[in-house]
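*Asks:* Structure: target-v9.cif, mmCIF, C-alpha atoms.
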```cif
data_upload
#
loop_
_atom_site.label_atom_id
_atom_site.label_comp_id
_atom_site.auth_asym_id
_atom_site.auth_seq_id
_atom_site.Cartn_x
_atom_site.Cartn_y
_atom_site.Cartn_z
CA MET A 1 81.77 -65.73 12.33
CA ASP A 2 84.74 -63.36 12.63
CA LYS A 3 85.07 -63.19 8.86
CA VAL A 4 81.40 -62.24 8.47
CA SER A 5 81.80 -59.55 11.11
CA GLY A 6 84.81 -58.18 9.28
CA ASN A 7 82.89 -57.98 6.00
CA GLN A 8 80.00 -56.26 7.73
CA LEU A 9 82.39 -53.78 9.31
CA ARG A 10 83.95 -52.95 5.93
CA ILE A 11 80.51 -52.52 4.34
CA THR A 12 79.39 -50.30 7.19
CA PHE A 13 82.56 -48.22 6.86
CA LYS A 14 81.98 -47.79 3.10
CA ILE A 15 78.38 -46.73 3.66
CA ILE A 16 79.44 -44.15 6.27
CA ARG A 17 82.20 -42.86 3.98
CA ALA A 18 79.73 -42.58 1.07
CA CYS A 19 77.23 -40.71 3.26
CA ILE A 20 79.92 -38.27 4.41
CA PHE A 21 81.06 -37.75 0.81
CA LEU A 22 77.51 -37.17 -0.43
CA THR A 23 76.84 -34.78 2.46
CA LEU A 24 79.94 -32.77 1.61
CA ILE A 25 79.01 -32.66 -2.08
CA GLY A 26 75.44 -31.66 -1.19
CA GLY A 27 76.71 -28.93 1.13
CA MET A 28 79.06 -27.60 -1.53
CA LEU A 29 76.26 -27.53 -4.14
CA ALA A 30 73.92 -25.79 -1.70
CA GLY A 31 76.65 -23.25 -0.94
CA VAL A 32 77.23 -22.61 -4.64
CA CYS A 33 73.48 -22.19 -5.25
CA PHE A 34 73.11 -19.82 -2.29
CA THR A 35 76.12 -17.75 -3.35
CA SER A 36 74.78 -17.60 -6.92
CA VAL A 37 71.43 -16.29 -5.68
CA LEU A 38 73.16 -13.62 -3.56
CA LEU A 39 75.36 -12.56 -6.47
CA ALA A 40 72.37 -12.44 -8.84
CA ALA A 41 70.42 -10.33 -6.36
CA LYS A 42 73.40 -7.98 -5.92
CA TRP A 43 73.96 -7.76 -9.68
CA GLN A 44 70.31 -6.79 -10.31
CA GLY A 45 70.64 -3.99 -7.77
CA ALA A 46 67.94 -2.23 -5.77
CA PRO A 47 64.39 -3.10 -6.84
CA SER A 48 61.98 -0.22 -7.34
CA VAL A 49 59.82 0.44 -4.29
CA ARG A 50 57.56 2.99 -5.94
CA VAL A 51 53.85 2.37 -5.34
CA PRO A 52 50.71 4.15 -6.62
CA GLN A 53 49.74 7.11 -4.45
CA SER A 54 46.71 9.38 -4.46
CA THR A 55 47.04 12.63 -6.40
CA ILE A 56 45.55 15.67 -4.63
CA LEU A 57 44.56 19.06 -6.07
CA TYR A 58 44.43 22.15 -3.84
CA ALA A 59 42.71 25.52 -4.18
CA ASN A 60 44.66 28.78 -3.91
CA ASP A 61 44.12 28.92 -0.13
CA GLY A 62 45.73 25.51 0.38
CA SER A 63 42.46 23.66 1.06
CA LYS A 64 41.82 20.38 -0.72
CA LEU A 65 39.95 20.66 -3.98
CA GLY A 66 39.69 16.94 -4.69
CA GLU A 67 41.73 13.79 -5.15
CA THR A 68 41.92 10.81 -7.46
CA ASP A 69 43.05 7.35 -6.38
CA PHE A 70 41.38 4.70 -8.60
CA GLY A 71 39.86 3.06 -5.53
CA GLU A 72 43.11 2.79 -3.51
CA LYS A 73 43.83 5.53 -0.99
CA ARG A 74 47.63 5.83 -0.57
CA TYR A 75 49.80 8.51 0.99
CA TRP A 76 53.50 8.05 1.72
CA VAL A 77 54.80 9.33 5.05
CA ARG A 78 58.27 9.12 6.54
CA LEU A 79 58.91 6.85 9.50
CA LYS A 80 59.57 9.87 11.76
CA ASP A 81 56.12 11.22 10.84
CA ILE A 82 54.34 8.17 12.31
CA ASN A 83 53.47 7.67 15.97
CA PRO A 84 56.37 5.44 17.20
CA THR A 85 53.91 3.19 19.03
CA ALA A 86 52.31 2.25 15.69
CA VAL A 87 55.72 1.15 14.38
CA GLN A 88 56.55 -0.77 17.57
CA ALA A 89 53.18 -2.50 17.50
CA ALA A 90 53.71 -3.59 13.89
CA ILE A 91 57.08 -5.12 14.80
CA ALA A 92 55.68 -6.79 17.91
CA VAL A 93 52.83 -8.53 16.13
CA GLU A 94 54.39 -9.19 12.72
CA ASP A 95 58.12 -9.71 13.19
CA GLN A 96 59.67 -9.26 16.63
CA ASN A 97 63.15 -10.24 15.33
CA PHE A 98 62.98 -7.76 12.45
CA TYR A 99 66.22 -5.95 13.31
CA ASN A 100 68.13 -9.19 13.97
CA HIS A 101 67.59 -11.19 10.76
CA HIS A 102 68.47 -10.72 7.10
CA GLY A 103 65.01 -11.18 5.64
CA PHE A 104 64.18 -14.69 6.90
CA ASP A 105 63.53 -15.75 10.50
CA TYR A 106 64.67 -19.39 10.38
CA ARG A 107 63.78 -20.19 13.99
CA ARG A 108 60.27 -18.86 13.45
CA MET A 109 60.00 -20.82 10.20
CA ALA A 110 60.99 -24.04 11.98
CA ALA A 111 58.49 -23.38 14.80
CA ALA A 112 55.73 -22.68 12.26
CA ALA A 113 56.55 -25.88 10.35
CA LEU A 114 56.34 -27.93 13.56
CA ALA A 115 53.01 -26.32 14.48
CA ASP A 116 51.64 -27.07 11.00
CA ILE A 117 52.80 -30.70 11.20
CA LYS A 118 51.19 -31.19 14.60
CA ALA A 119 47.91 -29.70 13.43
CA MET A 120 48.12 -31.33 9.97
CA ALA A 121 47.09 -27.95 8.54
CA LYS A 122 48.44 -24.45 7.89
CA VAL A 123 47.95 -22.85 11.32
CA GLN A 124 50.91 -20.54 11.77
CA GLY A 125 52.70 -18.11 9.47
CA ALA A 126 56.39 -17.19 9.51
CA SER A 127 56.64 -14.35 7.00
CA THR A 128 58.90 -11.52 8.09
CA ILE A 129 58.11 -7.85 7.49
CA THR A 130 60.58 -7.86 4.58
CA GLN A 131 58.84 -10.87 2.99
CA GLN A 132 55.44 -9.21 3.37
CA TYR A 133 56.79 -5.98 1.88
CA ALA A 134 58.18 -7.90 -1.11
CA ARG A 135 54.81 -9.59 -1.58
CA ASN A 136 52.92 -6.29 -1.39
CA LEU A 137 55.23 -4.61 -3.90
CA TYR A 138 55.81 -7.18 -6.59
CA LEU A 139 53.66 -10.28 -6.28
CA GLU A 140 50.21 -11.72 -6.45
CA HIS A 141 48.93 -13.45 -3.33
CA ASP A 142 48.56 -16.89 -4.92
CA LYS A 143 50.19 -19.87 -3.21
CA THR A 144 52.46 -21.35 -5.88
CA TRP A 145 56.11 -22.39 -5.65
CA LYS A 146 56.99 -19.80 -8.29
CA ARG A 147 55.49 -17.03 -6.16
CA LYS A 148 57.37 -18.30 -3.08
CA TRP A 149 60.66 -18.32 -5.01
CA ASN A 150 60.07 -14.80 -6.33
CA GLU A 151 59.14 -13.59 -2.85
CA ALA A 152 62.38 -15.02 -1.44
CA PHE A 153 64.44 -13.46 -4.23
CA TYR A 154 62.86 -10.01 -3.80
CA THR A 155 63.32 -10.33 -0.03
CA ILE A 156 67.06 -10.85 -0.53
CA ARG A 157 67.24 -7.88 -2.93
CA LEU A 158 65.41 -5.61 -0.49
CA GLU A 159 67.64 -6.61 2.42
CA GLN A 160 70.81 -6.15 0.34
CA ASN A 161 69.93 -2.71 -0.96
CA TYR A 162 67.82 -0.97 1.68
CA SER A 163 68.29 -0.29 5.37
CA LYS A 164 66.01 -1.84 7.97
CA ASN A 165 64.29 1.49 8.59
CA GLU A 166 63.72 2.00 4.86
CA ILE A 167 62.13 -1.45 4.62
CA LEU A 168 60.00 -0.79 7.69
CA GLU A 169 58.89 2.57 6.30
CA GLY A 170 57.93 0.94 3.01
CA TYR A 171 56.02 -1.81 4.79
CA VAL A 172 53.83 0.49 6.90
CA ASN A 173 53.14 2.63 3.81
CA THR A 174 51.98 -0.27 1.61
CA ILE A 175 50.16 -2.73 3.89
CA TYR A 176 46.38 -2.97 3.43
CA TYR A 177 44.14 -1.72 6.25
CA GLY A 178 40.76 -2.39 4.69
CA HIS A 179 38.08 -0.27 2.98
CA GLY A 180 40.45 0.83 0.20
CA ALA A 181 43.08 2.28 2.58
CA TYR A 182 46.69 1.32 1.87
CA GLY A 183 49.36 2.43 4.32
CA ILE A 184 49.28 3.86 7.82
CA GLU A 185 48.52 7.44 6.73
CA ALA A 186 45.45 6.47 4.69
CA ALA A 187 44.28 4.23 7.54
CA SER A 188 44.74 7.00 10.12
CA ARG A 189 42.64 9.38 8.04
CA LEU A 190 39.99 6.75 7.35
CA TYR A 191 39.45 5.41 10.87
CA PHE A 192 40.34 8.40 13.04
CA GLY A 193 40.34 11.47 10.78
CA LYS A 194 43.92 12.45 11.61
CA HIS A 195 47.49 12.10 10.37
CA ALA A 196 49.61 9.11 11.39
CA LYS A 197 51.86 11.35 13.51
CA ASP A 198 48.83 12.57 15.49
CA LEU A 199 47.49 9.14 16.48
CA ASN A 200 47.33 8.42 20.18
CA ASP A 201 48.83 5.14 21.41
CA ALA A 202 45.49 3.32 21.64
CA GLU A 203 44.62 4.23 18.05
CA ALA A 204 48.10 3.28 16.86
CA VAL A 205 47.96 -0.20 18.41
CA LEU A 206 44.46 -0.86 17.12
CA LEU A 207 45.54 -0.01 13.55
CA ALA A 208 48.49 -2.42 13.83
CA GLY A 209 46.05 -5.28 14.31
CA ILE A 210 43.94 -4.68 11.20
CA PRO A 211 46.29 -5.91 8.39
CA LYS A 212 46.16 -9.49 9.75
CA GLY A 213 42.60 -9.64 8.38
CA PRO A 214 40.79 -6.40 7.52
CA SER A 215 37.55 -8.27 6.84
CA GLY A 216 37.51 -9.41 10.46
CA TYR A 217 39.55 -6.92 12.48
CA SER A 218 38.32 -3.64 10.99
CA PRO A 219 36.31 -1.83 13.70
CA TYR A 220 33.74 -1.02 11.01
CA VAL A 221 33.21 -4.77 10.61
CA SER A 222 33.55 -5.86 14.25
CA GLU A 223 34.55 -3.40 16.94
CA LYS A 224 34.71 -6.27 19.46
CA LYS A 225 37.26 -8.26 17.41
CA ALA A 226 39.27 -5.11 16.69
CA LYS A 227 39.49 -4.39 20.42
CA GLN A 228 40.44 -7.99 21.22
CA ARG A 229 43.19 -7.82 18.61
CA GLN A 230 44.44 -4.57 20.16
CA GLU A 231 44.64 -6.26 23.57
CA THR A 232 46.59 -9.19 22.08
CA ILE A 233 49.16 -6.80 20.59
CA LEU A 234 49.48 -4.92 23.89
CA ARG A 235 50.30 -8.20 25.64
CA LEU A 236 52.94 -8.94 22.99
CA MET A 237 54.46 -5.48 23.35
CA ALA A 238 54.62 -5.82 27.13
CA GLY A 239 56.09 -9.32 26.80
CA GLN A 240 58.79 -7.99 24.46
CA LYS A 241 59.58 -5.12 26.91
CA MET A 242 58.53 -2.46 24.39
CA ILE A 243 56.16 -0.98 26.95
CA SER A 244 55.46 -1.63 30.62
CA LYS A 245 52.46 -3.64 31.76
CA GLU A 246 51.10 -0.49 33.39
CA LYS A 247 51.28 1.45 30.13
CA ALA A 248 49.66 -1.45 28.27
CA GLU A 249 46.79 -1.37 30.74
CA ARG A 250 46.38 2.42 30.32
CA ILE A 251 46.32 2.10 26.54
CA LYS A 252 43.80 -0.73 26.76
CA LYS A 253 41.43 1.48 28.77
CA THR A 254 41.73 4.50 26.46
CA PRO A 255 38.38 5.09 24.70
CA LEU A 256 38.34 5.10 20.89
CA ALA A 257 36.24 7.29 18.61
CA TYR A 258 36.01 6.29 14.95
CA GLN A 259 35.24 8.42 11.93
CA PRO A 260 32.00 7.57 10.11
CA LEU A 261 32.72 5.32 7.13
CA LYS A 262 32.08 7.76 4.29
CA SER A 263 31.00 7.00 0.76
CA ARG A 264 33.95 6.91 -1.63
CA THR A 265 31.98 8.80 -4.28
CA ALA A 266 31.87 12.17 -2.55
CA ALA A 267 31.61 15.05 -5.04
CA LYS A 268 34.68 17.17 -5.71
CA THR A 269 34.65 20.92 -5.18
CA ALA A 270 34.36 22.66 -8.58
CA PRO A 271 34.31 19.39 -10.59
CA TYR A 272 34.56 21.12 -14.01
CA PHE A 273 37.61 23.10 -12.91
CA TYR A 274 39.09 19.91 -11.41
CA ASP A 275 38.68 18.02 -14.69
CA ASP A 276 40.17 20.89 -16.70
CA ALA A 277 43.15 20.98 -14.35
CA MET A 278 43.68 17.23 -14.85
CA LYS A 279 43.49 17.64 -18.63
CA GLU A 280 46.06 20.45 -18.48
CA LEU A 281 48.34 18.20 -16.42
CA GLU A 282 48.01 15.42 -19.00
CA LYS A 283 49.23 17.82 -21.71
CA LYS A 284 52.03 19.40 -19.69
CA LEU A 285 53.41 16.19 -18.16
CA GLY A 286 52.67 13.83 -21.05
CA MET A 287 50.95 11.33 -18.75
CA THR A 288 47.71 9.39 -18.98
CA ARG A 289 44.85 10.10 -16.58
CA GLU A 290 45.53 6.85 -14.70
CA GLN A 291 49.24 7.69 -14.37
CA LEU A 292 48.35 11.12 -13.00
CA ALA A 293 45.80 9.68 -10.60
CA THR A 294 48.30 7.28 -9.02
CA SER A 295 51.51 9.38 -9.08
CA GLY A 296 51.12 10.96 -5.64
CA LEU A 297 51.20 14.48 -7.08
CA ARG A 298 50.34 17.55 -4.99
CA VAL A 299 48.89 20.11 -7.43
CA TYR A 300 48.25 23.70 -6.35
CA THR A 301 45.75 25.58 -8.52
CA THR A 302 44.47 29.16 -8.85
CA LEU A 303 40.90 28.35 -7.86
CA ASP A 304 39.35 30.86 -5.45
CA LYS A 305 36.65 28.97 -3.52
CA ARG A 306 34.83 32.11 -2.49
CA MET A 307 34.59 33.35 -6.08
CA GLN A 308 33.59 29.84 -7.17
CA ARG A 309 30.65 29.85 -4.74
CA ILE A 310 29.55 33.31 -5.97
CA ALA A 311 29.78 32.15 -9.59
#
```
As a first step, turn the structure in this file into structure tokens.

*Replies:*
Amino acid sequence: MDKVSGNQLRITFKIIRACIFLTLIGGMLAGVCFTSVLLAAKWQGAPSVRVPQSTILYANDGSKLGETDFGEKRYWVRLKDINPTAVQAAIAVEDQNFYNHHGFDYRRMAAAALADIKAMAKVQGASTITQQYARNLYLEHDKTWKRKWNEAFYTIRLEQNYSKNEILEGYVNTIYYGHGAYGIEAASRLYFGKHAKDLNDAEAVLLAGIPKGPSGYSPYVSEKKAKQRQETILRLMAGQKMISKEKAERIKKTPLAYQPLKSRTAAKTAPYFYDDAMKELEKKLGMTREQLATSGLRVYTTLDKRMQRIA
């Protein structure tokens, strides 16, 4: 009996030793792979964060003559030119640990995985703002392993080469707000007829809720759902000590007035002049019409609107 126990002890010891050895080897390989990915990301340098933006032509008095956007309204604004509440609301609802992680929120990922396992379905997301920004810039929204790998790699590159505020600025300028509006400035003009810096807090928080699902949370689709989403974000902001409960309640009670949803085929002022100006730009800049339309140019022309009306 003692001899059998001794053999079993030796076998058990060998198994434990083999497991420790394999764990160490596995850890070393994982470390090598992780270091290789970081070095590859560093070697490739900063990825381009340029996105298509609407090109606008102005008359000689500075008024807008017309704009071209190929169906996607985009205007880039600096973070300091956005109502701070809009930025806080985006962090609160999308990635409350944004300033404390390096692109991936592992605790949130683990919590989401547990929630999905319990529900036996995909019920909770864990994408950080950096991951969403990478997806918006470089990737299709299909759900393949290749896309997930590319998203992770671009996330690492963004975090290595850009500051947190630069990433946050890029995110709020590229996220989709519905009805052809990309970015906070285009959304502010669409829904409230004002610049992002001029939004009041209630408007800012409501906009932060739309990107989760523009087909459901756009106030043009369902004002009730948009308002409910706003209230959810206010609770999150209060819970994260971004604002007081009293301020959240005041914002919740602030009335909202939306712009009418206009047709996207509104006629340009002086369309023949506009087209000639675009043709002249093509020649001078050596760009195609599509490149011009999505380059975010601000073009100031000689057109006199008063003389145009007389003519």

*Asks:* Of the candidates A:Ala248, A:Arg189, A:His179, A:Gln230, which shows the shortest atom-to-atom distance to Ser215 in chain A, using only C-alpha atoms?

*Replies:*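 Closest to Ser215 in chain A of all the choices is A:His179.
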
*Asks:* Within 6 Å of range 72-89 of chain A, counting all atoms listed in the file, which residues qualify if same-chain residues fewer than 4 places away don't, as a PyMOL selection string?

*Replies:* chain A and resi 53-54+169+173+180-182+185-186+196-197+201+204-205+208

*Asks:* In Å, with one decimal, what is the gap from CA of Thr55 in chain A to CA of Arg298 in chain A?

*Replies:*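 Computing the Euclidean distance for CA of Thr55 in chain A and CA of Arg298 in chain A yields 6.1 Å.
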
*Asks:* Tell me which residues the PyMOL selection byres ((chain A and resi 238) around 12) grabs here, as a list in words.

*Replies:* Gln88, Ala89, Ala92, Val93, Glu231, Thr232, Ile233, Leu234, Arg235, Leu236, Met237, Gly239, Gln240, Lys241, Met242, Ile243, Ser244, Lys245, Glu246, Lys247, Ala248, Glu249, Ile251 and Lys252 of chain A

*Asks:* Quote the spacing between CA of Ala90 in chain A and CA of Gln228 in chain A in Å to one decimal place.

*Replies:*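 CA of Gln228 in chain A lies 15.8 Å from CA of Ala90 in chain A.
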
*Asks:* How many Å separate CA of Leu158 in chain A from CA of Ser188 in chain A?

*Replies:*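 Computing the Euclidean distance for CA of Leu158 in chain A and CA of Ser188 in chain A yields 26.4 Å.
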
*Asks:* Between A:Thr68, A:His101, A:Glu280, A:Leu285, which has the minimum distance to Ile56 in chain A (counting all atoms listed in the file)?

*Replies:*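 Among A:Thr68, A:His101, A:Glu280, A:Leu285, it is A:Thr68 that comes nearest to Ile56 in chain A.
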
*Asks:* With the PyMOL selection byres ((chain A and resi 154) around 9) as the selection, what would be picked from this file? Answer as a list in words, please.

*Replies:* Ala41, Pro47, Thr130, Gln131, Ala134, Arg135, Tyr138, Trp149, Asn150, Glu151, Ala152, Phe153, Thr155, Ile156, Arg157, Leu158 and Glu159 of chain A

*Asks:* Name the residues that the PyMOL selection byres ((chain A and resi 177) around 8) picks from the file above, as a ChimeraX atom specification, using the file's chain letters and numbers.

*Replies:* /A:175-176,178-184,187,207,210-211,214,218

*Asks:* Next, dump the selected residues to file, keeping only C-alpha atoms, as a PDB file, keeping the file's coordinate frame.

*Replies:*
```pdb
ATOM      1  CA  ILE A 175      50.160  -2.730   3.890  1.00  0.00           C
ATOM      2  CA  TYR A 176      46.380  -2.970   3.430  1.00  0.00           C
ATOM      3  CA  GLY A 178      40.760  -2.390   4.690  1.00  0.00           C
ATOM      4  CA  HIS A 179      38.080  -0.270   2.980  1.00  0.00           C
ATOM      5  CA  GLY A 180      40.450   0.830   0.200  1.00  0.00           C
ATOM      6  CA  ALA A 181      43.080   2.280   2.580  1.00  0.00           C
ATOM      7  CA  TYR A 182      46.690   1.320   1.870  1.00  0.00           C
ATOM      8  CA  GLY A 183      49.360   2.430   4.320  1.00  0.00           C
ATOM      9  CA  ILE A 184      49.280   3.860   7.820  1.00  0.00           C
ATOM     10  CA  ALA A 187      44.280   4.230   7.540  1.00  0.00           C
ATOM     11  CA  LEU A 207      45.540  -0.010  13.550  1.00  0.00           C
ATOM     12  CA  ILE A 210      43.940  -4.680  11.200  1.00  0.00           C
ATOM     13  CA  PRO A 211      46.290  -5.910   8.390  1.00  0.00           C
ATOM     14  CA  PRO A 214      40.790  -6.400   7.520  1.00  0.00           C
ATOM     15  CA  SER A 218      38.320  -3.640  10.990  1.00  0.00           C
TER      16      SER A 218
END
```

*Asks:* Mind giving me the axis-aligned box for range 12-15 of chain A with 6 Å on every side, centre plus edges in Å to one decimal, as lines of an AutoDock Vina configuration file?

*Replies:*
```
center_x = 80.5
center_y = -48.5
center_z = 5.1
size_x = 16.2
size_y = 15.6
size_z = 16.1
```

*Asks:* Quick one: of A:Gly209, A:Gly193, A:Gly286, A:Gly27, who's nearest to Lys262 in chain A, counting all atoms listed in the file?

*Replies:*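 So, comparing all the options, the nearest one is A:Gly193.
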
*Asks:* From the set A:Asn100, A:Ser127, A:Thr302, A:Asn60, which residue has the shortest atom-to-atom contact distance to Lys212 in chain A, counting all atoms listed in the file?

*Replies:*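 That would be A:Ser127, the residue with the smallest distance to Lys212 in chain A.
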